[in-house]
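Visitor: Coordinates in protein-v5.cif, mmCIF, C-alpha atoms, are listed below.
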data_final
#
loop_
_atom_site.group_PDB
_atom_site.id
_atom_site.type_symbol
_atom_site.label_atom_id
_atom_site.label_comp_id
_atom_site.auth_asym_id
_atom_site.auth_seq_id
_atom_site.Cartn_x
_atom_site.Cartn_y
_atom_site.Cartn_z
ATOM 1 C CA HIS A 197 -116.424 -173.728 -156.141
ATOM 2 C CA VAL A 198 -114.881 -173.677 -152.688
ATOM 3 C CA LYS A 199 -114.431 -176.988 -150.912
ATOM 4 C CA SER A 200 -115.042 -177.027 -147.158
ATOM 5 C CA PHE A 201 -113.242 -179.327 -144.731
ATOM 6 C CA ASN A 202 -114.810 -181.320 -141.923
ATOM 7 C CA SER A 203 -112.015 -181.513 -139.352
ATOM 8 C CA SER A 204 -111.869 -182.255 -135.649
ATOM 9 C CA GLY A 205 -110.042 -178.987 -135.065
ATOM 10 C CA VAL A 206 -108.145 -176.196 -136.757
ATOM 11 C CA VAL A 207 -104.854 -174.638 -135.685
ATOM 12 C CA ALA A 208 -104.061 -171.137 -136.934
ATOM 13 C CA VAL A 209 -100.791 -169.259 -136.434
ATOM 14 C CA SER A 210 -102.748 -166.054 -135.879
ATOM 15 C CA GLY A 211 -106.231 -164.721 -135.367
ATOM 16 C CA GLY A 212 -105.748 -162.790 -138.580
ATOM 17 C CA VAL A 213 -105.678 -166.037 -140.540
ATOM 18 C CA VAL A 214 -109.007 -167.149 -139.078
ATOM 19 C CA GLU A 215 -110.568 -163.782 -139.908
ATOM 20 C CA ASP A 216 -109.601 -164.112 -143.563
ATOM 21 C CA TYR A 217 -112.771 -164.382 -145.671
ATOM 22 C CA ASP A 218 -111.552 -167.270 -147.843
ATOM 23 C CA VAL A 219 -110.392 -169.235 -144.792
ATOM 24 C CA ARG A 220 -113.718 -168.761 -143.004
ATOM 25 C CA ARG A 221 -115.507 -170.249 -146.022
ATOM 26 C CA VAL A 222 -113.711 -173.598 -145.731
ATOM 27 C CA ILE A 223 -113.289 -174.198 -141.978
ATOM 28 C CA ASP A 224 -115.419 -174.196 -138.868
ATOM 29 C CA VAL A 225 -114.098 -171.089 -137.124
ATOM 30 C CA ALA A 226 -115.542 -172.267 -133.799
ATOM 31 C CA LYS A 227 -113.008 -175.128 -133.841
ATOM 32 C CA ALA A 228 -110.022 -172.860 -134.484
ATOM 33 C CA VAL A 229 -107.221 -172.626 -131.934
ATOM 34 C CA PHE A 230 -104.500 -169.987 -132.113
ATOM 35 C CA ILE A 231 -100.896 -171.161 -131.694
ATOM 36 C CA PRO A 232 -98.214 -168.720 -132.889
ATOM 37 C CA ASN A 233 -94.910 -169.570 -134.484
ATOM 38 C CA GLY A 234 -92.055 -170.081 -132.072
ATOM 39 C CA VAL A 235 -88.448 -169.032 -131.600
ATOM 40 C CA ASN A 236 -85.330 -171.099 -131.029
ATOM 41 C CA GLU A 237 -84.609 -171.247 -127.312
ATOM 42 C CA GLU A 238 -80.832 -171.124 -127.778
ATOM 43 C CA ILE A 239 -80.850 -167.624 -129.315
ATOM 44 C CA ILE A 240 -82.771 -165.947 -126.467
ATOM 45 C CA ILE A 241 -80.492 -163.552 -124.602
ATOM 46 C CA ASP A 242 -79.833 -163.929 -120.875
ATOM 47 C CA ASN A 243 -78.617 -160.439 -120.019
ATOM 48 C CA LEU A 244 -80.175 -157.172 -121.103
ATOM 49 C CA ASP A 245 -77.528 -154.422 -121.050
ATOM 50 C CA PRO A 246 -78.781 -151.104 -122.472
ATOM 51 C CA HIS A 247 -75.224 -149.741 -122.543
ATOM 52 C CA LYS A 248 -74.423 -152.195 -125.329
ATOM 53 C CA ARG A 249 -77.307 -150.844 -127.417
ATOM 54 C CA ASP A 250 -77.142 -148.064 -129.979
ATOM 55 C CA ASP A 251 -79.969 -145.605 -130.556
ATOM 56 C CA LEU A 252 -80.720 -147.691 -133.595
ATOM 57 C CA ILE A 253 -84.068 -148.216 -135.332
ATOM 58 C CA VAL A 254 -84.261 -151.357 -137.452
ATOM 59 C CA PHE A 255 -86.512 -152.561 -140.255
ATOM 60 C CA LEU A 256 -86.038 -156.251 -141.064
ATOM 61 C CA GLY A 257 -88.016 -157.657 -143.952
ATOM 62 C CA THR A 258 -88.575 -157.672 -147.675
ATOM 63 C CA LEU A 259 -88.365 -154.179 -149.112
ATOM 64 C CA SER A 260 -91.682 -154.257 -150.971
ATOM 65 C CA ARG A 261 -94.718 -151.987 -151.176
ATOM 66 C CA ARG A 262 -96.808 -154.289 -148.976
ATOM 67 C CA LYS A 263 -94.250 -154.309 -146.185
ATOM 68 C CA ALA A 264 -92.630 -150.918 -146.598
ATOM 69 C CA LYS A 265 -95.029 -148.527 -148.337
ATOM 70 C CA TYR A 266 -95.213 -146.345 -145.216
ATOM 71 C CA LEU A 267 -91.570 -146.798 -144.206
ATOM 72 C CA ILE A 268 -90.383 -143.564 -145.797
ATOM 73 C CA ASP A 269 -93.278 -141.601 -144.242
ATOM 74 C CA VAL A 270 -92.465 -143.044 -140.811
ATOM 75 C CA ILE A 271 -88.773 -142.154 -141.158
ATOM 76 C CA HIS A 272 -89.648 -138.600 -142.264
ATOM 77 C CA ALA A 273 -91.943 -138.278 -139.236
ATOM 78 C CA ILE A 274 -89.172 -139.548 -136.937
ATOM 79 C CA ASN A 275 -86.676 -137.078 -138.388
ATOM 80 C CA SER A 276 -89.055 -134.147 -138.038
ATOM 81 C CA SER A 277 -89.937 -135.072 -134.448
ATOM 82 C CA SER A 278 -86.422 -135.661 -133.119
ATOM 83 C CA SER A 279 -83.891 -133.013 -132.157
ATOM 84 C CA LYS A 280 -81.061 -135.436 -132.891
ATOM 85 C CA ARG A 281 -80.276 -137.598 -135.869
ATOM 86 C CA VAL A 282 -81.503 -141.123 -135.247
ATOM 87 C CA SER A 283 -79.991 -143.941 -137.296
ATOM 88 C CA VAL A 284 -82.239 -146.304 -139.238
ATOM 89 C CA LEU A 285 -80.915 -149.620 -140.522
ATOM 90 C CA ILE A 286 -82.835 -151.573 -143.151
ATOM 91 C CA ALA A 287 -82.035 -155.193 -143.936
ATOM 92 C CA GLY A 288 -83.849 -157.599 -146.198
ATOM 93 C CA LYS A 289 -84.375 -158.615 -149.791
ATOM 94 C CA ILE A 290 -84.841 -155.599 -152.066
ATOM 95 C CA VAL A 291 -87.897 -156.084 -154.266
ATOM 96 C CA ASP A 292 -89.050 -152.520 -154.918
ATOM 97 C CA LYS A 293 -86.172 -150.670 -156.604
ATOM 98 C CA SER A 294 -87.993 -147.332 -156.545
ATOM 99 C CA LEU A 295 -88.454 -147.588 -152.789
ATOM 100 C CA TYR A 296 -84.803 -148.543 -152.416
ATOM 101 C CA ARG A 297 -83.611 -145.524 -154.427
ATOM 102 C CA SER A 298 -85.715 -143.194 -152.267
ATOM 103 C CA LEU A 299 -84.423 -144.675 -149.013
ATOM 104 C CA ILE A 300 -80.712 -144.483 -149.874
ATOM 105 C CA LYS A 301 -81.086 -140.731 -150.445
ATOM 106 C CA MET A 302 -82.042 -140.231 -146.800
ATOM 107 C CA PRO A 303 -78.948 -139.220 -144.781
ATOM 108 C CA ASN A 304 -79.717 -141.244 -141.634
ATOM 109 C CA VAL A 305 -80.705 -144.468 -143.417
ATOM 110 C CA ASN A 306 -78.435 -147.432 -144.140
ATOM 111 C CA VAL A 307 -79.857 -150.073 -146.498
ATOM 112 C CA LEU A 308 -77.950 -153.360 -146.297
ATOM 113 C CA GLY A 309 -80.078 -155.622 -148.459
ATOM 114 C CA TYR A 310 -80.129 -159.331 -147.627
ATOM 115 C CA VAL A 311 -78.318 -160.392 -144.435
ATOM 116 C CA SER A 312 -77.560 -163.827 -142.993
ATOM 117 C CA GLU A 313 -79.262 -165.175 -139.869
ATOM 118 C CA LYS A 314 -76.062 -164.530 -137.891
ATOM 119 C CA GLU A 315 -75.878 -160.944 -139.134
ATOM 120 C CA LYS A 316 -79.552 -160.440 -138.320
ATOM 121 C CA LEU A 317 -79.019 -161.438 -134.686
ATOM 122 C CA GLU A 318 -75.958 -159.194 -134.440
ATOM 123 C CA ILE A 319 -78.038 -156.264 -135.702
ATOM 124 C CA LEU A 320 -80.846 -156.968 -133.236
ATOM 125 C CA ARG A 321 -78.441 -157.231 -130.301
ATOM 126 C CA ARG A 322 -77.235 -153.664 -130.802
ATOM 127 C CA SER A 323 -80.598 -152.070 -131.657
ATOM 128 C CA LYS A 324 -83.369 -150.639 -129.492
ATOM 129 C CA VAL A 325 -86.481 -150.983 -131.591
ATOM 130 C CA VAL A 326 -87.795 -152.812 -134.658
ATOM 131 C CA ILE A 327 -90.352 -151.004 -136.781
ATOM 132 C CA LEU A 328 -92.837 -152.887 -138.949
ATOM 133 C CA PRO A 329 -95.042 -150.439 -140.880
ATOM 134 C CA SER A 330 -96.585 -153.165 -143.038
ATOM 135 C CA MET A 331 -99.940 -152.831 -144.764
ATOM 136 C CA ALA A 332 -100.661 -156.544 -144.204
ATOM 137 C CA GLU A 333 -98.998 -159.254 -142.144
ATOM 138 C CA ASN A 334 -99.577 -162.634 -140.602
ATOM 139 C CA ILE A 335 -96.990 -163.091 -137.843
ATOM 140 C CA PRO A 336 -93.521 -162.577 -139.315
ATOM 141 C CA VAL A 337 -90.753 -164.571 -137.648
ATOM 142 C CA VAL A 338 -88.767 -161.368 -137.155
ATOM 143 C CA VAL A 339 -91.173 -160.252 -134.402
ATOM 144 C CA LEU A 340 -90.368 -163.276 -132.211
ATOM 145 C CA GLU A 341 -86.682 -162.987 -133.127
ATOM 146 C CA ALA A 342 -86.668 -159.339 -132.062
ATOM 147 C CA PHE A 343 -88.338 -160.214 -128.764
ATOM 148 C CA SER A 344 -85.740 -162.938 -128.163
ATOM 149 C CA GLN A 345 -83.009 -160.285 -128.373
ATOM 150 C CA GLY A 346 -84.740 -157.815 -126.078
ATOM 151 C CA VAL A 347 -85.994 -155.553 -128.864
ATOM 152 C CA PRO A 348 -89.544 -154.123 -128.695
ATOM 153 C CA VAL A 349 -91.525 -153.991 -131.942
ATOM 154 C CA ILE A 350 -93.772 -151.213 -133.229
ATOM 155 C CA ALA A 351 -96.258 -152.038 -135.972
ATOM 156 C CA PHE A 352 -99.546 -151.020 -137.492
ATOM 157 C CA LYS A 353 -102.519 -152.931 -136.102
ATOM 158 C CA VAL A 354 -102.961 -155.322 -139.034
ATOM 159 C CA GLY A 355 -103.352 -159.061 -139.594
ATOM 160 C CA GLY A 356 -101.996 -161.313 -136.885
ATOM 161 C CA LEU A 357 -99.670 -158.759 -135.281
ATOM 162 C CA PRO A 358 -102.042 -158.004 -132.351
ATOM 163 C CA ASP A 359 -101.725 -161.679 -131.404
ATOM 164 C CA VAL A 360 -98.056 -161.252 -130.479
ATOM 165 C CA ILE A 361 -97.453 -157.521 -130.028
ATOM 166 C CA ILE A 362 -99.209 -156.535 -126.811
ATOM 167 C CA ASN A 363 -99.618 -152.772 -126.848
ATOM 168 C CA GLY A 364 -97.550 -151.184 -124.082
ATOM 169 C CA TYR A 365 -96.153 -154.555 -122.955
ATOM 170 C CA ASN A 366 -93.608 -155.733 -125.538
ATOM 171 C CA GLY A 367 -94.074 -152.994 -128.104
ATOM 172 C CA PHE A 368 -96.703 -150.673 -129.515
ATOM 173 C CA LEU A 369 -99.576 -151.180 -131.954
ATOM 174 C CA ILE A 370 -100.517 -148.169 -134.059
ATOM 175 C CA ASP A 371 -103.871 -147.527 -135.722
ATOM 176 C CA ARG A 372 -103.508 -147.569 -139.476
ATOM 177 C CA TRP A 373 -101.836 -145.455 -140.981
ATOM 178 C CA ASP A 374 -100.888 -142.940 -138.296
ATOM 179 C CA VAL A 375 -97.221 -142.391 -139.143
ATOM 180 C CA HIS A 376 -96.878 -139.494 -136.682
ATOM 181 C CA LEU A 377 -97.975 -141.591 -133.683
ATOM 182 C CA PHE A 378 -95.765 -144.368 -135.031
ATOM 183 C CA ALA A 379 -92.806 -141.960 -134.969
ATOM 184 C CA ARG A 380 -93.588 -140.678 -131.453
ATOM 185 C CA LYS A 381 -93.761 -144.186 -129.999
ATOM 186 C CA THR A 382 -90.517 -145.107 -131.756
ATOM 187 C CA LEU A 383 -88.724 -142.101 -130.277
ATOM 188 C CA LYS A 384 -90.182 -142.818 -126.838
ATOM 189 C CA ILE A 385 -88.354 -146.144 -126.844
ATOM 190 C CA ILE A 386 -85.149 -144.548 -128.147
ATOM 191 C CA ASP A 387 -85.159 -141.571 -125.763
ATOM 192 C CA ASP A 388 -86.684 -143.018 -122.586
ATOM 193 C CA LEU A 389 -84.478 -145.701 -121.012
ATOM 194 C CA ALA A 390 -87.155 -146.794 -118.534
ATOM 195 C CA THR A 391 -89.650 -147.383 -121.344
ATOM 196 C CA TYR A 392 -87.106 -149.328 -123.377
ATOM 197 C CA MET A 393 -86.092 -151.522 -120.433
ATOM 198 C CA GLN A 394 -89.664 -152.365 -119.447
ATOM 199 C CA LEU A 395 -90.693 -153.288 -122.991
ATOM 200 C CA ALA A 396 -87.439 -155.155 -123.621
ATOM 201 C CA ARG A 397 -87.724 -157.290 -120.469
ATOM 202 C CA ASN A 398 -91.313 -158.154 -121.365
ATOM 203 C CA ALA A 399 -90.262 -158.982 -124.933
ATOM 204 C CA VAL A 400 -87.697 -161.506 -123.683
ATOM 205 C CA SER A 401 -90.281 -163.021 -121.308
ATOM 206 C CA PHE A 402 -92.736 -163.381 -124.195
ATOM 207 C CA ALA A 403 -90.087 -165.119 -126.306
ATOM 208 C CA LYS A 404 -89.302 -167.546 -123.471
ATOM 209 C CA ARG A 405 -92.991 -168.480 -123.280
ATOM 210 C CA ASN A 406 -93.054 -169.163 -127.015
ATOM 211 C CA THR A 407 -90.033 -171.311 -127.764
ATOM 212 C CA TRP A 408 -90.461 -174.034 -130.364
ATOM 213 C CA LYS A 409 -90.353 -176.618 -127.567
ATOM 214 C CA LYS A 410 -93.324 -175.000 -125.826
ATOM 215 C CA ILE A 411 -95.156 -174.526 -129.108
ATOM 216 C CA ALA A 412 -94.684 -178.246 -129.818
ATOM 217 C CA GLU A 413 -96.168 -179.063 -126.407
ATOM 218 C CA LYS A 414 -99.243 -176.988 -127.264
ATOM 219 C CA TYR A 415 -99.692 -178.882 -130.541
ATOM 220 C CA GLN A 416 -99.241 -182.179 -128.736
ATOM 221 C CA LYS A 417 -101.904 -181.264 -126.188
ATOM 222 C CA ILE A 418 -104.383 -180.364 -128.937
ATOM 223 C CA TYR A 419 -103.714 -183.611 -130.829
ATOM 224 C CA TYR A 420 -104.334 -185.651 -127.676
ATOM 225 C CA GLN A 421 -107.583 -183.773 -127.051
ATOM 226 C CA MET A 422 -108.716 -184.427 -130.627
ATOM 227 C CA LEU A 423 -107.875 -188.123 -130.372
ATOM 228 C CA GLN A 424 -109.764 -188.431 -127.094
ATOM 229 C CA GLN A 425 -112.800 -186.676 -128.552
ATOM 230 C CA THR A 426 -112.680 -188.883 -131.643
ATOM 231 C CA ASN A 427 -112.609 -192.021 -129.473
ATOM 232 C CA ILE A 428 -115.536 -190.719 -127.394
ATOM 233 C CA ASP A 429 -117.526 -190.007 -130.558
ATOM 234 C CA LYS A 430 -116.866 -193.521 -131.858
ATOM 235 C CA THR A 431 -117.978 -195.033 -128.549
ATOM 236 C CA LEU A 432 -121.252 -193.093 -128.617
ATOM 237 C CA ARG A 433 -122.144 -194.224 -132.126
#
In C-alpha coordinates, write the structure found in this file.

Guide:
Amino acid sequence: HVKSFNSSGVVAVSGGVVEDYDVRRVIDVAKAVFIPNGVNEEIIIDNLDPHKRDDLIVFLGTLSRRKAKYLIDVIHAINSSSSKRVSVLIAGKIVDKSLYRSLIKMPNVNVLGYVSEKEKLEILRRSKVVILPSMAENIPVVVLEAFSQGVPVIAFKVGGLPDVIINGYNGFLIDRWDVHLFARKTLKIIDDLATYMQLARNAVSFAKRNTWKKIAEKYQKIYYQMLQQTNIDKTLR
(Lines of atoms letter the chains of each structure in order from A and count residues from 1; the text may use other names and numbers.)
(Lines give C-alpha, C1' and ligand atoms only; values in the text may rest on other atoms or scores of the structure.)
Protein backbone atom coordinates (compact mmCIF):
# COMPACT_ATOMS: atom_id res chain seq x y z
CA HIS A 1 0.00 0.00 0.00
CA VAL A 2 1.38 3.38 -1.00
CA LYS A 3 0.41 6.37 1.10
CA SER A 4 -0.22 9.64 -0.74
CA PHE A 5 0.45 13.07 0.74
CA ASN A 6 -1.84 16.08 0.58
CA SER A 7 0.60 19.00 0.62
CA SER A 8 0.37 22.65 -0.35
CA GLY A 9 3.37 22.23 -2.62
CA VAL A 10 6.27 19.97 -3.48
CA VAL A 11 9.90 20.95 -4.04
CA ALA A 12 12.07 18.59 -6.08
CA VAL A 13 15.82 18.93 -6.65
CA SER A 14 15.34 17.78 -10.24
CA GLY A 15 12.71 17.05 -12.83
CA GLY A 16 13.98 13.49 -12.82
CA VAL A 17 12.74 13.03 -9.27
CA VAL A 18 9.23 14.14 -10.21
CA GLU A 19 9.20 11.77 -13.18
CA ASP A 20 10.00 8.80 -10.95
CA TYR A 21 7.02 6.41 -10.95
CA ASP A 22 6.98 5.83 -7.18
CA VAL A 23 7.19 9.57 -6.49
CA ARG A 24 4.33 10.35 -8.87
CA ARG A 25 2.13 7.89 -6.97
CA VAL A 26 2.38 9.82 -3.70
CA ILE A 27 2.47 13.51 -4.70
CA ASP A 28 0.49 15.89 -6.84
CA VAL A 29 2.94 16.48 -9.68
CA ALA A 30 1.10 19.66 -10.70
CA LYS A 31 2.24 21.24 -7.41
CA ALA A 32 5.90 20.34 -7.90
CA VAL A 33 8.51 23.07 -8.20
CA PHE A 34 12.08 22.39 -9.30
CA ILE A 35 14.88 23.92 -7.21
CA PRO A 36 18.34 22.39 -7.72
CA ASN A 37 21.03 21.93 -5.12
CA GLY A 38 23.39 24.84 -4.72
CA VAL A 39 27.10 25.54 -4.48
CA ASN A 40 29.09 27.47 -1.90
CA GLU A 41 29.63 31.01 -3.15
CA GLU A 42 33.13 31.26 -1.67
CA ILE A 43 34.57 28.49 -3.88
CA ILE A 44 33.47 30.02 -7.21
CA ILE A 45 36.51 31.19 -9.17
CA ASP A 46 36.90 34.81 -10.25
CA ASN A 47 39.43 34.43 -13.06
CA LEU A 48 39.37 31.86 -15.83
CA ASP A 49 42.91 31.33 -17.15
CA PRO A 50 43.15 28.50 -19.71
CA HIS A 51 46.95 28.58 -19.50
CA LYS A 52 46.71 27.20 -15.97
CA ARG A 53 44.67 24.24 -17.21
CA ASP A 54 45.99 20.87 -18.31
CA ASP A 55 44.43 18.84 -21.10
CA LEU A 56 42.93 16.79 -18.33
CA ILE A 57 39.69 14.79 -18.35
CA VAL A 58 38.25 14.10 -14.91
CA PHE A 59 35.75 11.62 -13.50
CA LEU A 60 34.67 12.45 -9.94
CA GLY A 61 32.33 10.03 -8.24
CA THR A 62 31.87 6.59 -6.79
CA LEU A 63 33.51 3.95 -8.96
CA SER A 64 30.48 1.68 -9.28
CA ARG A 65 28.65 0.02 -12.16
CA ARG A 66 25.77 2.50 -11.99
CA LYS A 67 28.05 5.51 -12.27
CA ALA A 68 30.93 4.10 -14.29
CA LYS A 69 29.75 1.14 -16.36
CA TYR A 70 30.43 3.04 -19.59
CA LEU A 71 33.55 4.83 -18.34
CA ILE A 72 35.98 2.34 -19.87
CA ASP A 73 34.13 2.41 -23.21
CA VAL A 74 34.23 6.22 -23.24
CA ILE A 75 37.97 6.26 -22.48
CA HIS A 76 38.64 3.69 -25.23
CA ALA A 77 36.64 5.85 -27.66
CA ILE A 78 38.62 8.94 -26.62
CA ASN A 79 41.93 7.14 -27.10
CA SER A 80 40.96 5.84 -30.53
CA SER A 81 39.72 9.26 -31.67
CA SER A 82 42.67 11.36 -30.49
CA SER A 83 46.05 11.66 -32.17
CA LYS A 84 47.64 12.51 -28.83
CA ARG A 85 47.51 10.84 -25.46
CA VAL A 86 44.94 12.56 -23.28
CA SER A 87 45.19 12.12 -19.52
CA VAL A 88 42.20 10.88 -17.54
CA LEU A 89 42.06 11.29 -13.77
CA ILE A 90 39.54 9.34 -11.71
CA ALA A 91 38.80 10.22 -8.10
CA GLY A 92 36.19 8.79 -5.79
CA LYS A 93 35.34 5.86 -3.56
CA ILE A 94 36.18 2.54 -5.21
CA VAL A 95 33.23 0.17 -4.96
CA ASP A 96 33.65 -2.05 -8.02
CA LYS A 97 37.05 -3.74 -7.75
CA SER A 98 36.76 -5.36 -11.18
CA LEU A 99 36.19 -1.97 -12.79
CA TYR A 100 39.12 -0.56 -10.84
CA ARG A 101 41.47 -3.33 -12.00
CA SER A 102 40.48 -2.72 -15.63
CA LEU A 103 41.01 1.04 -15.37
CA ILE A 104 44.48 0.90 -13.81
CA LYS A 105 45.69 -1.17 -16.77
CA MET A 106 44.97 1.72 -19.13
CA PRO A 107 48.18 3.73 -19.73
CA ASN A 108 46.60 7.21 -19.73
CA VAL A 109 44.40 6.69 -16.65
CA ASN A 110 45.27 7.65 -13.08
CA VAL A 111 42.92 6.31 -10.39
CA LEU A 112 43.31 8.15 -7.08
CA GLY A 113 40.47 6.70 -5.05
CA TYR A 114 38.89 8.90 -2.38
CA VAL A 115 40.06 12.54 -2.26
CA SER A 116 39.32 15.34 0.21
CA GLU A 117 37.17 18.35 -0.68
CA LYS A 118 40.33 20.49 -0.91
CA GLU A 119 41.98 17.99 -3.25
CA LYS A 120 38.83 17.81 -5.35
CA LEU A 121 38.86 21.57 -5.94
CA GLU A 122 42.57 21.49 -6.77
CA ILE A 123 41.89 18.80 -9.38
CA LEU A 124 39.01 20.76 -10.91
CA ARG A 125 41.05 23.96 -11.11
CA ARG A 126 43.62 22.33 -13.38
CA SER A 127 41.22 20.29 -15.54
CA LYS A 128 39.25 21.13 -18.67
CA VAL A 129 36.30 18.79 -18.60
CA VAL A 130 34.40 16.50 -16.22
CA ILE A 131 32.84 13.39 -17.70
CA LEU A 132 29.83 11.71 -16.11
CA PRO A 133 28.85 8.59 -18.07
CA SER A 134 26.35 7.43 -15.44
CA MET A 135 23.45 5.11 -16.18
CA ALA A 136 21.26 6.94 -13.64
CA GLU A 137 21.64 10.18 -11.71
CA ASN A 138 19.70 12.79 -9.82
CA ILE A 139 21.84 15.95 -9.72
CA PRO A 140 25.23 15.09 -8.23
CA VAL A 141 26.91 17.90 -6.32
CA VAL A 142 30.03 17.46 -8.45
CA VAL A 143 28.26 19.03 -11.45
CA LEU A 144 27.72 22.35 -9.64
CA GLU A 145 31.21 22.12 -8.13
CA ALA A 146 32.71 21.63 -11.59
CA PHE A 147 30.78 24.62 -12.93
CA SER A 148 32.02 26.74 -10.01
CA GLN A 149 35.61 26.02 -11.11
CA GLY A 150 35.01 26.78 -14.77
CA VAL A 151 34.83 23.14 -15.86
CA PRO A 152 32.18 22.04 -18.40
CA VAL A 153 30.47 18.70 -17.80
CA ILE A 154 29.58 16.01 -20.34
CA ALA A 155 27.02 13.40 -19.36
CA PHE A 156 24.46 11.00 -20.72
CA LYS A 157 20.94 12.43 -20.84
CA VAL A 158 19.60 10.66 -17.75
CA GLY A 159 17.71 11.56 -14.57
CA GLY A 160 17.99 15.15 -13.42
CA LEU A 161 21.14 16.02 -15.38
CA PRO A 162 19.24 17.90 -18.15
CA ASP A 163 18.01 20.27 -15.43
CA VAL A 164 21.52 21.63 -14.85
CA ILE A 165 23.59 20.68 -17.90
CA ILE A 166 22.35 22.84 -20.76
CA ASN A 167 23.53 21.24 -23.98
CA GLY A 168 26.03 23.49 -25.75
CA TYR A 169 25.90 26.10 -22.97
CA ASN A 170 27.77 24.74 -19.94
CA GLY A 171 28.51 21.26 -21.23
CA PHE A 172 27.08 18.57 -23.48
CA LEU A 173 24.29 16.03 -23.03
CA ILE A 174 24.69 12.77 -24.92
CA ASP A 175 21.92 10.38 -25.94
CA ARG A 176 22.29 7.09 -24.12
CA TRP A 177 24.70 5.22 -24.59
CA ASP A 178 26.56 6.82 -27.49
CA VAL A 179 30.14 6.55 -26.24
CA HIS A 180 31.61 7.68 -29.57
CA LEU A 181 29.71 10.99 -29.57
CA PHE A 182 30.60 11.30 -25.89
CA ALA A 183 34.29 10.97 -26.82
CA ARG A 184 34.05 13.47 -29.70
CA LYS A 185 32.43 16.13 -27.52
CA THR A 186 35.04 15.54 -24.82
CA LEU A 187 37.89 16.02 -27.28
CA LYS A 188 36.22 19.12 -28.74
CA ILE A 189 36.52 20.78 -25.34
CA ILE A 190 40.11 19.59 -24.91
CA ASP A 191 41.29 20.55 -28.41
CA ASP A 192 39.26 23.68 -29.17
CA LEU A 193 40.15 26.58 -26.86
CA ALA A 194 37.23 28.73 -28.02
CA THR A 195 34.75 25.96 -27.21
CA TYR A 196 36.30 25.39 -23.79
CA MET A 197 36.28 29.10 -22.91
CA GLN A 198 32.67 29.63 -23.95
CA LEU A 199 31.40 26.62 -22.01
CA ALA A 200 33.61 27.41 -19.02
CA ARG A 201 32.43 31.03 -18.75
CA ASN A 202 28.81 29.88 -18.95
CA ALA A 203 29.48 27.21 -16.32
CA VAL A 204 30.77 29.82 -13.87
CA SER A 205 27.76 32.06 -14.61
CA PHE A 206 25.41 29.14 -13.93
CA ALA A 207 27.14 28.44 -10.62
CA LYS A 208 26.82 32.09 -9.58
CA ARG A 209 23.07 31.93 -10.24
CA ASN A 210 22.78 28.83 -8.06
CA THR A 211 24.67 29.59 -4.87
CA TRP A 212 23.20 28.25 -1.64
CA LYS A 213 22.19 31.80 -0.71
CA LYS A 214 20.13 32.16 -3.88
CA ILE A 215 18.70 28.67 -3.50
CA ALA A 216 17.61 29.60 0.04
CA GLU A 217 15.87 32.70 -1.32
CA LYS A 218 13.93 30.52 -3.77
CA TYR A 219 12.79 28.24 -0.94
CA GLN A 220 11.82 31.25 1.14
CA LYS A 221 9.74 32.67 -1.70
CA ILE A 222 7.88 29.37 -2.13
CA TYR A 223 7.19 29.08 1.61
CA TYR A 224 5.74 32.60 1.68
CA GLN A 225 3.54 31.80 -1.32
CA MET A 226 2.29 28.63 0.38
CA LEU A 227 1.53 30.48 3.61
CA GLN A 228 -0.36 33.18 1.73
CA GLN A 229 -2.39 30.60 -0.17
CA THR A 230 -3.14 28.72 3.04
CA ASN A 231 -4.39 31.92 4.70
CA ILE A 232 -6.56 32.71 1.65
CA ASP A 233 -8.04 29.21 1.73
CA LYS A 234 -8.86 29.56 5.43
CA THR A 235 -10.54 32.92 4.81
CA LEU A 236 -12.73 31.46 2.06
CA ARG A 237 -13.96 28.58 4.21

Visitor: Which one of A:Val282, A:Val338, A:Ile411, A:Ile385 sits closest to Phe255 of chain A if you count only C-alpha atoms?

Guide: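 Among A:Val282, A:Val338, A:Ile411, A:Ile385, it is A:Val338 that comes nearest to Phe255 of chain A.
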
Visitor: Once the PyMOL selection byres ((chain A and resi 341-349) around 6) has been evaluated on this model, what residues remain selected, and can you format them as an MDAnalysis selection string?

Guide: chainID A and resid 240:241 321 324:327 338:340 350 366:367 395:396 399:400 403

Visitor: Any chance you could work out the residue set of the PyMOL selection byres ((chain A and resi 316) around 10) here, as a list in words?

Guide: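 Applied to this file, the PyMOL selection byres ((chain A and resi 316) around 10) selects Leu256, Ala287, Gly288, Tyr310, Val311, Ser312, Glu313, Lys314, Glu315, Leu317, Glu318, Ile319, Leu320, Arg321, Val338, Glu341 and Ala342 of chain A.
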
Visitor: Give me, as CSV, the closest atom pair and its distance (Å, one decimal) for every residue of segment 343-418 of chain A within a cut-off of 7 Å of segment 263-279 of chain A, counting all atoms listed in the file, rows sorted by chain and rising number.

Guide:
residue,atom,partner,partner_atom,distance
A:Val375,CA,A:Val270,CA,5.1
A:His376,CA,A:Ala273,CA,5.7
A:Phe378,CA,A:Val270,CA,6.8
A:Ala379,CA,A:Ile274,CA,4.8

Visitor: Calculated over all atoms listed in the file, which of the candidates A:Gly355, A:Lys384, A:Ile418, A:Pro329 has the smallest distance to Val229 of chain A?

Guide: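 For Val229 of chain A, the nearest of the given residues is A:Ile418.
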
Visitor: Could you check which of A:Leu357, A:Phe352, A:Ile362, A:Pro303 is closest to Leu377 of chain A, using only C-alpha atoms?

Guide: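 Result for the nearest residue to Leu377 of chain A: A:Phe352.
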
Visitor: What is the atom CA of Met393 of chain A to atom CA of Pro246 of chain A distance in Å?

Guide: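 About the pair atom CA of Met393 of chain A and atom CA of Pro246 of chain A: they are 7.6 Å apart.
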
Visitor: What does the distance between atom CA of Lys414 of chain A and atom CA of Ala228 of chain A come to in Å, to one decimal place?

Guide: 13.6 Å

Visitor: Quick one: residues within 10 Å of Lys410 of chain A, only C-alpha atoms, excluding same-chain residues fewer than 4 positions away - as a list in words?

Guide: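 So the residues in contact are Gly234, Val235, Glu237, Lys404, Arg405, Asn406, Lys414, Tyr415 and Gln416 of chain A.
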
Visitor: Which one of A:Thr382, A:Ser294, A:Asn243, A:Asn398 sits closest to Ile361 of chain A if you count all atoms listed in the file?

Guide: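 Closest to Ile361 of chain A, using all atoms listed in the file: A:Asn398.
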
Visitor: So how far away is atom CA of Leu252 of chain A from atom CA of Val284 of chain A, in Å?

Guide: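 These atoms are spaced 6.0 Å apart.
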
Visitor: Let me know the residues the PyMOL selection byres ((chain A and resi 290) around 6) catches in the file above, as a list of chain:residue names.

Guide: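 Expected selection for the PyMOL selection byres ((chain A and resi 290) around 6) here is A:Leu259, A:Lys289, A:Val291, A:Asp292, A:Gly309.
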
Visitor: Which residue, A:Phe230, A:Glu238, A:Thr407, A:Val354, has the smallest gap to Ser330 of chain A when you use all atoms listed in the file?

Guide: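 Closest candidate: A:Val354.
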
Visitor: Using 5 Å of padding on each side, determine the axis-aligned box around all atoms of segment 256-263 of chain A present in the file and give its centre and edge lengths in Å to one decimal, as JSON.

Guide:
{"center_x": -91.4, "center_y": -154.8, "center_z": -146.1, "size_x": 20.8, "size_y": 15.7, "size_z": 20.1}

Visitor: For each of A:Arg297, A:Val254, A:Asp388, A:Ser260, take the minimum atom-to-atom distance to Leu285 of chain A, counting only C-alpha atoms, then give the residue where this is smallest.

Guide: A:Val254
